[in-house]
$ cat start20.txt   # compact mmCIF, C-alpha atoms
# COMPACT_ATOMS: atom_id res chain seq x y z
CA MET A 344 7.52 10.83 4.08
CA PRO A 345 5.13 10.91 5.75
CA ARG A 346 2.77 10.07 2.90
CA TYR A 347 -0.97 10.11 3.56
CA GLU A 348 -3.29 8.55 0.97
CA LEU A 349 -7.02 9.11 1.27
CA THR A 350 -9.41 6.84 -0.61
CA THR A 351 -13.05 7.89 -0.89
CA ASP A 352 -16.01 6.46 -2.79
CA GLU A 353 -16.64 9.72 -4.66
CA GLU A 354 -14.15 12.39 -5.70
CA LEU A 355 -13.79 15.31 -3.31
CA SER A 356 -13.98 18.88 -4.64
CA GLY A 357 -10.82 20.89 -5.16
CA PRO A 358 -11.44 23.06 -2.09
CA GLN A 359 -12.14 19.95 0.00
CA LYS A 360 -8.86 18.42 -1.13
CA SER A 361 -6.91 21.60 -0.35
CA ALA A 362 -8.49 22.09 3.05
CA LEU A 363 -8.03 18.48 4.12
CA ALA A 364 -4.44 18.39 2.85
CA ALA A 365 -3.71 21.53 4.89
CA ASP A 366 -5.34 20.01 7.95
CA ILE A 367 -3.55 16.65 7.67
CA THR A 368 -0.25 18.50 7.24
CA ALA A 369 -0.92 20.73 10.25
CA ILE A 370 -1.89 17.75 12.41
CA HIS A 371 1.22 15.79 11.46
CA ILE A 372 3.46 18.77 12.20
CA ALA A 373 1.78 19.54 15.51
CA VAL A 374 1.87 15.96 16.76
CA THR A 375 5.29 14.83 15.51
CA GLY A 376 7.34 17.99 15.06
CA ALA A 377 8.29 16.99 11.49
CA PRO A 378 8.81 19.79 8.93
CA ALA A 379 5.88 20.59 6.61
CA ARG A 380 7.93 20.09 3.45
CA LEU A 381 8.11 16.33 4.12
CA VAL A 382 4.34 15.82 4.37
CA HIS A 383 2.71 14.35 1.26
CA VAL A 384 -1.07 13.99 0.88
CA VAL A 385 -2.70 12.28 -2.11
CA TYR A 386 -6.27 11.41 -3.08
CA HIS A 387 -7.64 8.27 -4.69
CA ILE A 388 -11.19 7.49 -5.76
CA LEU A 389 -12.49 3.99 -5.16
CA GLY A 390 -15.88 4.41 -6.83
CA PRO A 391 -19.14 3.39 -5.18
CA GLY A 392 -19.94 -0.30 -4.76
CA ASN A 393 -16.32 -1.33 -4.30
CA ALA A 394 -16.12 -1.57 -0.51
CA PHE A 395 -17.46 -4.28 1.80
CA VAL A 396 -17.31 -4.70 5.57
CA GLY A 397 -18.20 -8.05 7.09
CA GLY A 398 -19.20 -9.18 3.60
CA GLU A 399 -21.83 -6.42 3.19
CA PRO A 400 -21.51 -3.32 0.98
CA ARG A 401 -20.48 -0.26 2.96
CA GLY A 402 -18.95 3.01 1.84
CA GLY A 403 -16.61 5.17 3.81
CA ALA A 404 -13.29 6.96 3.83
CA TYR A 405 -9.92 5.29 4.26
CA LEU A 406 -6.72 7.15 5.14
CA GLN A 407 -3.43 5.25 4.94
CA GLY A 408 -0.40 6.99 6.37
CA SER A 409 3.20 5.87 5.95
CA ILE A 410 5.24 7.46 8.69
CA ARG A 411 8.74 7.07 10.03
CA SER A 412 9.34 4.54 12.77
CA GLY A 413 10.30 5.57 16.25
CA ARG A 414 7.31 7.40 17.67
CA GLY A 415 5.62 6.18 20.82
CA VAL A 416 2.07 4.89 21.06
CA GLU A 417 0.85 8.16 22.62
CA THR A 418 2.00 10.00 19.50
CA THR A 419 0.49 7.52 17.05
CA THR A 420 -2.78 7.38 18.99
CA GLU A 421 -3.07 11.16 18.95
CA LEU A 422 -2.34 11.14 15.21
CA LEU A 423 -5.02 8.50 14.61
CA ASN A 424 -7.64 10.32 16.66
CA ARG A 425 -7.05 13.75 15.16
CA LEU A 426 -6.76 12.43 11.60
CA SER A 427 -9.97 10.42 11.98
CA THR A 428 -11.83 13.54 13.10
CA ALA A 429 -10.36 15.64 10.28
CA VAL A 430 -11.27 13.10 7.59
CA SER A 431 -14.83 12.87 8.90
CA HIS A 432 -15.16 16.66 9.05
CA HIS A 433 -13.81 17.44 5.57
CA THR A 434 -15.40 14.53 3.68
CA GLY A 435 -18.76 14.47 5.46
CA THR A 436 -18.27 10.79 6.27
CA ALA A 437 -19.58 9.62 9.64
CA VAL A 438 -16.71 8.78 12.01
CA ALA A 439 -18.18 5.27 12.20
CA ASP A 440 -17.22 4.80 8.54
CA VAL A 441 -13.73 6.30 8.73
CA VAL A 442 -10.65 4.07 8.89
CA VAL A 443 -7.17 5.48 9.49
CA THR A 444 -4.12 3.23 9.34
CA LEU A 445 -0.50 4.08 10.06
CA ARG A 446 2.40 2.06 8.73
CA GLU A 447 5.87 2.66 10.09
CA GLY A 448 9.14 2.40 8.21
CA PRO A 449 12.69 3.72 8.38
CA GLY A 450 13.69 6.91 6.56
CA HIS A 451 16.58 5.13 4.88
CA LEU A 452 14.09 3.17 2.73
CA VAL A 453 12.62 6.36 1.23
CA SER A 454 14.17 8.62 -1.41
CA GLU A 455 12.59 12.03 -1.93
CA GLY A 456 13.99 14.38 -4.54
CA GLY A 457 17.07 12.19 -4.86
CA HIS A 458 17.89 12.15 -1.14
CA LEU A 459 17.17 9.61 1.59
CA VAL A 460 14.68 10.83 4.16
CA PRO A 461 16.36 11.54 7.52
CA GLU A 462 15.18 9.81 10.66
CA PRO A 463 12.90 11.82 13.01
CA GLY A 464 14.85 14.67 14.61
CA GLN A 465 17.66 14.54 12.01
CA GLU A 466 15.87 16.68 9.41
CA VAL A 467 18.40 19.51 9.58
CA GLN A 468 20.86 17.27 7.81
CA ILE A 469 19.13 17.74 4.47
CA GLY A 470 18.64 21.44 4.95
CA MET B 730 -8.51 -4.51 9.91
CA PRO B 731 -7.98 -6.86 8.24
CA ARG B 732 -8.26 -4.96 4.97
CA TYR B 733 -8.09 -6.89 1.72
CA GLU B 734 -7.62 -4.96 -1.53
CA LEU B 735 -8.05 -6.76 -4.83
CA THR B 736 -6.64 -5.22 -8.00
CA THR B 737 -7.75 -6.66 -11.35
CA ASP B 738 -7.15 -5.60 -14.94
CA GLU B 739 -10.88 -5.34 -15.70
CA GLU B 740 -13.73 -4.45 -13.36
CA LEU B 741 -15.55 -7.37 -11.80
CA SER B 742 -19.35 -7.53 -11.93
CA GLY B 743 -21.40 -6.59 -8.89
CA PRO B 744 -22.29 -10.23 -8.13
CA GLN B 745 -18.63 -11.23 -8.51
CA LYS B 746 -17.61 -8.53 -6.04
CA SER B 747 -20.25 -9.59 -3.53
CA ALA B 748 -19.46 -13.28 -3.78
CA LEU B 749 -15.71 -12.81 -3.50
CA ALA B 750 -16.08 -10.37 -0.59
CA ALA B 751 -18.23 -12.94 1.21
CA ASP B 752 -15.69 -15.67 0.51
CA ILE B 753 -12.66 -13.63 1.60
CA THR B 754 -14.53 -12.68 4.79
CA ALA B 755 -15.49 -16.31 5.48
CA ILE B 756 -11.92 -17.51 4.89
CA HIS B 757 -10.44 -14.88 7.19
CA ILE B 758 -12.92 -15.73 9.94
CA ALA B 759 -12.42 -19.48 9.60
CA VAL B 760 -8.63 -19.31 9.60
CA THR B 761 -8.00 -16.59 12.19
CA GLY B 762 -11.09 -16.53 14.40
CA ALA B 763 -11.49 -12.77 13.96
CA PRO B 764 -15.02 -11.31 13.98
CA ALA B 765 -16.64 -10.63 10.58
CA ARG B 766 -17.34 -6.98 11.38
CA LEU B 767 -13.59 -6.21 11.25
CA VAL B 768 -13.06 -7.62 7.73
CA HIS B 769 -12.85 -5.01 4.96
CA VAL B 770 -12.69 -5.93 1.28
CA VAL B 771 -12.21 -3.35 -1.48
CA TYR B 772 -11.78 -3.51 -5.26
CA HIS B 773 -9.47 -1.54 -7.51
CA ILE B 774 -9.15 -1.64 -11.30
CA LEU B 775 -5.69 -1.43 -12.81
CA GLY B 776 -6.73 -1.34 -16.46
CA PRO B 777 -5.20 -3.62 -19.11
CA GLY B 778 -1.61 -2.99 -20.21
CA ASN B 779 -0.47 -1.74 -16.83
CA ALA B 780 1.16 -4.89 -15.41
CA PHE B 781 4.51 -6.43 -16.28
CA VAL B 782 6.31 -9.51 -14.93
CA GLY B 783 9.99 -9.98 -15.73
CA GLY B 784 9.73 -6.95 -17.98
CA GLU B 785 6.99 -8.49 -20.18
CA PRO B 786 3.29 -7.53 -20.19
CA ARG B 787 1.17 -9.92 -18.13
CA GLY B 788 -2.25 -9.50 -16.61
CA GLY B 789 -3.50 -11.10 -13.44
CA ALA B 790 -5.15 -10.52 -10.10
CA TYR B 791 -3.42 -9.10 -7.05
CA LEU B 792 -4.79 -9.34 -3.52
CA GLN B 793 -3.08 -7.33 -0.80
CA GLY B 794 -4.13 -8.06 2.75
CA SER B 795 -3.23 -5.99 5.80
CA ILE B 796 -3.68 -8.18 8.86
CA ARG B 797 -2.79 -7.94 12.49
CA SER B 798 0.59 -9.22 13.62
CA GLY B 799 0.91 -12.24 15.83
CA ARG B 800 -0.28 -15.19 13.77
CA GLY B 801 1.99 -18.13 13.07
CA VAL B 802 3.27 -19.17 9.66
CA GLU B 803 0.79 -22.09 9.50
CA THR B 804 -2.06 -19.60 9.79
CA THR B 805 -0.67 -17.17 7.23
CA THR B 806 0.15 -19.97 4.80
CA GLU B 807 -3.37 -21.36 5.06
CA LEU B 808 -4.74 -17.84 4.50
CA LEU B 809 -2.54 -17.37 1.42
CA ASN B 810 -3.49 -20.73 -0.08
CA ARG B 811 -7.22 -20.39 0.45
CA LEU B 812 -7.31 -16.75 -0.67
CA SER B 813 -5.32 -17.55 -3.81
CA THR B 814 -7.82 -20.28 -4.74
CA ALA B 815 -10.81 -18.02 -4.00
CA VAL B 816 -9.44 -15.15 -6.11
CA SER B 817 -8.78 -17.49 -9.01
CA HIS B 818 -12.25 -19.04 -8.74
CA HIS B 819 -14.25 -15.81 -8.53
CA THR B 820 -12.26 -13.76 -11.05
CA GLY B 821 -11.57 -16.48 -13.60
CA THR B 822 -7.84 -15.75 -13.39
CA ALA B 823 -5.52 -18.74 -13.65
CA VAL B 824 -3.84 -19.47 -10.30
CA ALA B 825 -0.52 -18.97 -12.10
CA ASP B 826 -1.43 -15.29 -12.49
CA VAL B 827 -2.73 -14.69 -8.96
CA VAL B 828 -0.58 -12.95 -6.35
CA VAL B 829 -1.64 -12.70 -2.71
CA THR B 830 0.41 -10.69 -0.25
CA LEU B 831 -0.08 -10.29 3.48
CA ARG B 832 1.33 -7.39 5.45
CA GLU B 833 1.31 -7.52 9.23
CA GLY B 834 0.89 -4.61 11.60
CA PRO B 835 -0.27 -3.93 15.16
CA GLY B 836 -3.89 -3.08 15.93
CA HIS B 837 -2.84 0.05 17.81
CA LEU B 838 -1.85 1.67 14.50
CA VAL B 839 -5.37 1.33 13.08
CA SER B 840 -8.43 3.42 13.95
CA GLU B 841 -11.81 2.13 12.79
CA GLY B 842 -14.94 4.10 13.54
CA GLY B 843 -13.01 6.23 15.99
CA HIS B 844 -11.59 3.32 18.00
CA LEU B 845 -8.22 1.58 17.89
CA VAL B 846 -8.42 -1.99 16.60
CA PRO B 847 -7.82 -4.52 19.38
CA GLU B 848 -5.05 -7.08 19.09
CA PRO B 849 -6.05 -10.63 18.04
CA GLY B 850 -8.10 -12.31 20.79
CA GLN B 851 -8.94 -9.00 22.50
CA GLU B 852 -11.90 -8.14 20.27
CA VAL B 853 -14.45 -8.35 23.08
CA GLN B 854 -13.04 -5.12 24.48
CA ILE B 855 -14.74 -3.04 21.79
CA GLY B 856 -17.96 -4.95 21.99
CA MET C 368 7.78 -10.14 -5.26
CA PRO C 369 9.36 -7.71 -5.65
CA ARG C 370 6.39 -5.61 -6.74
CA TYR C 371 6.98 -2.07 -7.93
CA GLU C 372 3.99 0.25 -8.31
CA LEU C 373 4.43 3.56 -10.06
CA THR C 374 1.84 6.30 -9.61
CA THR C 375 1.93 9.30 -11.96
CA ASP C 376 -0.38 12.27 -12.46
CA GLU C 377 -0.93 11.47 -16.14
CA GLU C 378 -0.93 8.10 -17.88
CA LEU C 379 2.37 7.11 -19.48
CA SER C 380 2.42 5.89 -23.08
CA GLY C 381 2.69 2.17 -23.85
CA PRO C 382 6.34 2.46 -24.93
CA GLN C 383 7.15 4.45 -21.78
CA LYS C 384 5.56 1.76 -19.63
CA SER C 385 7.46 -1.02 -21.40
CA ALA C 386 10.80 0.76 -21.28
CA LEU C 387 10.49 1.71 -17.62
CA ALA C 388 9.30 -1.77 -16.64
CA ALA C 389 12.34 -3.24 -18.39
CA ASP C 390 14.64 -0.77 -16.66
CA ILE C 391 13.17 -1.33 -13.18
CA THR C 392 13.46 -5.08 -13.72
CA ALA C 393 17.07 -4.78 -14.88
CA ILE C 394 18.00 -2.57 -11.93
CA HIS C 395 16.41 -4.92 -9.41
CA ILE C 396 18.22 -7.92 -10.91
CA ALA C 397 21.57 -6.15 -11.10
CA VAL C 398 21.43 -4.84 -7.54
CA THR C 399 19.87 -7.79 -5.71
CA GLY C 400 20.63 -10.85 -7.85
CA ALA C 401 16.95 -11.90 -7.83
CA PRO C 402 15.58 -13.70 -10.91
CA ALA C 403 13.67 -11.56 -13.46
CA ARG C 404 10.57 -13.76 -13.33
CA LEU C 405 9.84 -12.55 -9.78
CA VAL C 406 9.84 -8.83 -10.66
CA HIS C 407 6.40 -7.25 -11.02
CA VAL C 408 5.88 -3.68 -12.23
CA VAL C 409 2.46 -2.01 -12.35
CA TYR C 410 1.22 1.47 -13.23
CA HIS C 411 -1.42 3.59 -11.56
CA ILE C 412 -2.74 7.02 -12.54
CA LEU C 413 -3.44 9.51 -9.80
CA GLY C 414 -4.89 12.28 -11.98
CA PRO C 415 -3.73 15.90 -11.75
CA GLY C 416 -4.70 17.95 -8.69
CA ASN C 417 -4.61 15.01 -6.30
CA ALA C 418 -1.15 15.45 -4.76
CA PHE C 419 -0.01 17.93 -2.14
CA VAL C 420 3.35 18.48 -0.45
CA GLY C 421 3.54 20.66 2.64
CA GLY C 422 -0.12 21.48 2.08
CA GLU C 423 0.49 22.91 -1.43
CA PRO C 424 -0.45 21.26 -4.74
CA ARG C 425 2.53 19.54 -6.36
CA GLY C 426 2.68 16.82 -9.00
CA GLY C 427 5.33 14.17 -9.34
CA ALA C 428 5.99 10.49 -9.67
CA TYR C 429 5.82 7.99 -6.83
CA LEU C 430 7.34 4.50 -6.96
CA GLN C 431 6.49 2.08 -4.17
CA GLY C 432 8.47 -1.14 -4.07
CA SER C 433 7.69 -4.15 -1.92
CA ILE C 434 10.85 -6.21 -1.62
CA ARG C 435 11.98 -9.13 0.47
CA SER C 436 13.61 -8.44 3.80
CA GLY C 437 17.25 -9.20 4.41
CA ARG C 438 19.22 -6.84 2.20
CA GLY C 439 21.70 -4.40 3.68
CA VAL C 440 21.41 -0.63 3.58
CA GLU C 441 24.03 -0.38 0.82
CA THR C 442 21.81 -2.52 -1.40
CA THR C 443 18.63 -0.64 -0.63
CA THR C 444 20.34 2.74 -1.06
CA GLU C 445 21.69 1.71 -4.46
CA LEU C 446 18.21 0.50 -5.42
CA LEU C 447 16.66 3.81 -4.34
CA ASN C 448 19.22 5.91 -6.19
CA ARG C 449 19.06 3.97 -9.44
CA LEU C 450 15.27 3.66 -9.38
CA SER C 451 14.86 7.37 -8.69
CA THR C 452 17.03 8.20 -11.72
CA ALA C 453 15.18 5.72 -13.94
CA VAL C 454 11.75 7.04 -12.97
CA SER C 455 12.86 10.61 -13.65
CA HIS C 456 14.37 9.65 -17.01
CA HIS C 457 11.43 7.64 -18.34
CA THR C 458 8.61 9.83 -17.05
CA GLY C 459 10.21 13.23 -17.63
CA THR C 460 9.63 14.15 -14.00
CA ALA C 461 12.32 16.23 -12.33
CA VAL C 462 14.25 14.20 -9.76
CA ALA C 463 13.14 16.78 -7.20
CA ASP C 464 9.57 15.55 -7.67
CA VAL C 465 10.31 11.81 -7.60
CA VAL C 466 9.68 9.73 -4.49
CA VAL C 467 10.77 6.11 -4.22
CA THR C 468 9.84 4.03 -1.20
CA LEU C 469 10.85 0.48 -0.35
CA ARG C 470 8.89 -1.70 2.02
CA GLU C 471 10.40 -4.95 3.24
CA GLY C 472 8.59 -8.16 4.05
CA PRO C 473 9.26 -11.89 4.26
CA GLY C 474 8.73 -14.17 1.26
CA HIS C 475 6.52 -16.47 3.31
CA LEU C 476 3.79 -13.81 3.38
CA VAL C 477 3.56 -13.74 -0.43
CA SER C 478 1.91 -16.31 -2.69
CA GLU C 479 2.66 -16.08 -6.42
CA GLY C 480 1.09 -18.55 -8.82
CA GLY C 481 0.02 -20.71 -5.88
CA HIS C 482 3.48 -20.94 -4.30
CA LEU C 483 5.07 -19.01 -1.46
CA VAL C 484 7.92 -16.76 -2.56
CA PRO C 485 11.32 -18.10 -1.45
CA GLU C 486 13.61 -15.96 0.67
CA PRO C 487 16.51 -14.20 -1.13
CA GLY C 488 19.08 -16.75 -2.34
CA GLN C 489 16.61 -19.67 -2.07
CA GLU C 490 14.96 -19.09 -5.46
CA VAL C 491 16.18 -22.39 -6.92
CA GLN C 492 13.73 -24.22 -4.68
CA ILE C 493 10.80 -23.19 -6.85
CA GLY C 494 12.65 -23.89 -10.08

$ encode --input "start20.txt" --output "structure tokens"
Amino acid sequence: MPRYELTTDEELSGPQKSALAADITAIHIAVTGAPARLVHVVYHILGPGNAFVGGEPRGGAYLQGSIRSGRGVETTTELLNRLSTAVSHHTGTAVADVVVTLREGPGHLVSEGGHLVPEPGQEVQIG
Amino acid sequence: MPRYELTTDEELSGPQKSALAADITAIHIAVTGAPARLVHVVYHILGPGNAFVGGEPRGGAYLQGSIRSGRGVETTTELLNRLSTAVSHHTGTAVADVVVTLREGPGHLVSEGGHLVPEPGQEVQIG
Amino acid sequence: MPRYELTTDEELSGPQKSALAADITAIHIAVTGAPARLVHVVYHILGPGNAFVGGEPRGGAYLQGSIRSGRGVETTTELLNRLSTAVSHHTGTAVADVVVTLREGPGHLVSEGGHLVPEPGQEVQIG
């Protein structure tokens, strides 16, 4: 945690995936101060024709991030803005068709590598 | 936001997807008063043999909706009931095998088209 | 509800899916006291090359559980520990590469088979 899941209509190339994963990781670190080793990025393909907005077909890119609770709205807004720009840049999707959602939860409901995830600022505890 | 994601064992046809997306959008608008342009519907395929209930194989249809916080239980219950009926009708799945889940979150944790989603009733602010 | 969704890089075999679904179900029942008929387990395939940690490619197994709110941290920690071990055992993934996340929500936001899910301890009401 955090875990960022990007869903696109078509599969991205390997270099696109690597570059966007690096960028999402760098943005999360810069904005929140969390260590890089906690940042997970995964890619899903939706396939064309499977997305509708207002009842009409519309493609796009959707990034869902699960982050730890406890950040202020300035932090989450900066995350949303920078992530939205990065997704648009790396996928070639117009910003108008990019959605980024954050979902907050406590570290004690996440186990990574057999250990609970510490709360923000307590990361030293798991070395 | 809202974002409704339907997962079925087999892929629906194009007309099924369109008709169900229109119905989900109409239900959300009628029950909550939100504008149509905010309603996203997407389709995922699970593939047969990938769902179990009580440890036994069982297919079905699963609709996960992410909606904005702040509606009362009468509103969410009406949403759940009408969405459950619509999913059963359009997919041909028995109601007994339909699951609909709502997850609430604040608009300020969602960016759509480069803008934060307004809270319910504040939609005029983004024109 | 609960609903457990496991995402792996490669598809598990049928017997692996059955055995892990049975184990997840048994663990949830033993730890929470919920009835087996409420426990859903589903499998998703991510495909290799789609997961990154700290910006570097890394495979693994990811289990996301949606459970009802209201359990204490001792209960959720025991769930996380036992589920993490079970996922590692049945998928052959090193515990170091297993992530298990729980997300809590109220039963009244979930419709299963046309009925709202009761809160923990109230299951008798839906027979």

$ residues_around --input "start20.txt" --residues "segment 451-457 of chain A" --least-positions-apart "2" --cutoff "9 Å" --atoms "only C-alpha atoms" --output "number ranges by chain"
A: 344, 381, 448-449, 459-462; C: 440, 443-444, 447-448, 451-452, 461-471

$ write_last_selection --input "start20.txt" --atoms "C-alpha atoms" --output "compact mmCIF listing (two decimals), in the frame of the given file"
# COMPACT_ATOMS: atom_id res chain seq x y z
CA MET A 344 7.52 10.83 4.08
CA LEU A 381 8.11 16.33 4.12
CA GLY A 448 9.14 2.40 8.21
CA PRO A 449 12.69 3.72 8.38
CA LEU A 459 17.17 9.61 1.59
CA VAL A 460 14.68 10.83 4.16
CA PRO A 461 16.36 11.54 7.52
CA GLU A 462 15.18 9.81 10.66
CA VAL C 440 21.41 -0.63 3.58
CA THR C 443 18.63 -0.64 -0.63
CA THR C 444 20.34 2.74 -1.06
CA LEU C 447 16.66 3.81 -4.34
CA ASN C 448 19.22 5.91 -6.19
CA SER C 451 14.86 7.37 -8.69
CA THR C 452 17.03 8.20 -11.72
CA ALA C 461 12.32 16.23 -12.33
CA VAL C 462 14.25 14.20 -9.76
CA ALA C 463 13.14 16.78 -7.20
CA ASP C 464 9.57 15.55 -7.67
CA VAL C 465 10.31 11.81 -7.60
CA VAL C 466 9.68 9.73 -4.49
CA VAL C 467 10.77 6.11 -4.22
CA THR C 468 9.84 4.03 -1.20
CA LEU C 469 10.85 0.48 -0.35
CA ARG C 470 8.89 -1.70 2.02
CA GLU C 471 10.40 -4.95 3.24

$ closest_atom_pairs --input "start20.txt" --of "chain A" --to "chain C" --cutoff "12 Å" --atoms "all atoms listed in the file" --output "tab-separated table"
residue	atom	partner	partner_atom	distance
A:Met344	CA	C:Val466	CA	8.9
A:Pro345	CA	C:Val420	CA	9.9
A:Arg346	CA	C:Val420	CA	9.1
A:Tyr347	CA	C:Phe419	CA	9.7
A:Glu348	CA	C:Ala418	CA	9.2
A:Leu349	CA	C:Asn417	CA	9.9
A:Thr350	CA	C:Asn417	CA	11.1
A:Glu354	CA	C:Asn417	CA	9.9
A:Leu355	CA	C:Asn417	CA	9.7
A:Ser356	CA	C:Gly416	CA	10.2
A:Gly357	CA	C:Gly416	CA	7.7
A:Pro358	CA	C:Gly416	CA	10.7
A:Gln359	CA	C:Asn417	CA	11.0
A:Lys360	CA	C:Asn417	CA	7.5
A:Ser361	CA	C:Gly422	CA	7.2
A:Ala362	CA	C:Gly422	CA	8.4
A:Leu363	CA	C:Gly422	CA	8.7
A:Ala364	CA	C:Gly422	CA	5.4
A:Ala365	CA	C:Gly422	CA	4.6
A:Asp366	CA	C:Gly422	CA	8.0
A:Ile367	CA	C:Gly422	CA	8.1
A:Thr368	CA	C:Gly422	CA	6.0
A:Ala369	CA	C:Gly422	CA	8.2
A:Ile370	CA	C:Gly422	CA	11.1
A:His371	CA	C:Gly421	CA	10.3
A:Ile372	CA	C:Gly421	CA	9.7
A:Ala377	CA	C:Gly421	CA	10.7
A:Pro378	CA	C:Gly421	CA	8.3
A:Ala379	CA	C:Gly421	CA	4.6
A:Arg380	CA	C:Gly421	CA	4.5
A:Leu381	CA	C:Gly421	CA	6.5
A:Val382	CA	C:Gly421	CA	5.2
A:His383	CA	C:Val420	CA	4.5
A:Val384	CA	C:Phe419	CA	5.1
A:Val385	CA	C:Ala418	CA	4.4
A:Tyr386	CA	C:Asn417	CA	5.1
A:His387	CA	C:Leu413	CA	6.7
A:Ile388	CA	C:Leu413	CA	9.0
A:Leu389	CA	C:Leu413	CA	11.6
A:Ser409	CA	C:Thr468	CA	9.9
A:Ile410	CA	C:Thr468	CA	11.4
A:Arg411	CA	C:Thr468	CA	11.7
A:Arg446	CA	C:Arg470	CA	10.1
A:Glu447	CA	C:Arg470	CA	9.7
A:Gly448	CA	C:Arg470	CA	7.4
A:Pro449	CA	C:Arg470	CA	9.2
A:Gly450	CA	C:Thr468	CA	9.1
A:His451	CA	C:Thr444	CA	7.4
A:Leu452	CA	C:Leu469	CA	5.2
A:Val453	CA	C:Thr468	CA	4.4
A:Ser454	CA	C:Val467	CA	5.1
A:Glu455	CA	C:Val466	CA	4.5
A:Gly456	CA	C:Ala463	CA	3.7
A:Gly457	CA	C:Val462	CA	6.0
A:His458	CA	C:Asn448	CA	8.1
A:Leu459	CA	C:Thr444	CA	8.0
A:Val460	CA	C:Thr468	CA	9.9

$ atom_distance --input "start20.txt" --atom1 "atom CA of Gly821 of chain B" --atom2 "atom CA of Ala759 of chain B"
23.4 Å

$ atom_distance --input "start20.txt" --atom1 "atom CA of Asp738 of chain B" --atom2 "atom CA of His819 of chain B"
14.0 Å

$ atom_distance --input "start20.txt" --atom1 "atom CA of Glu445 of chain C" --atom2 "atom CA of Thr399 of chain C"
9.8 Å

$ closest_residue --input "start20.txt" --among "B:Thr737, B:Thr804, B:Glu852, B:Pro777" --to "Val816 of chain B" --atoms "all atoms listed in the file"
B:Thr737
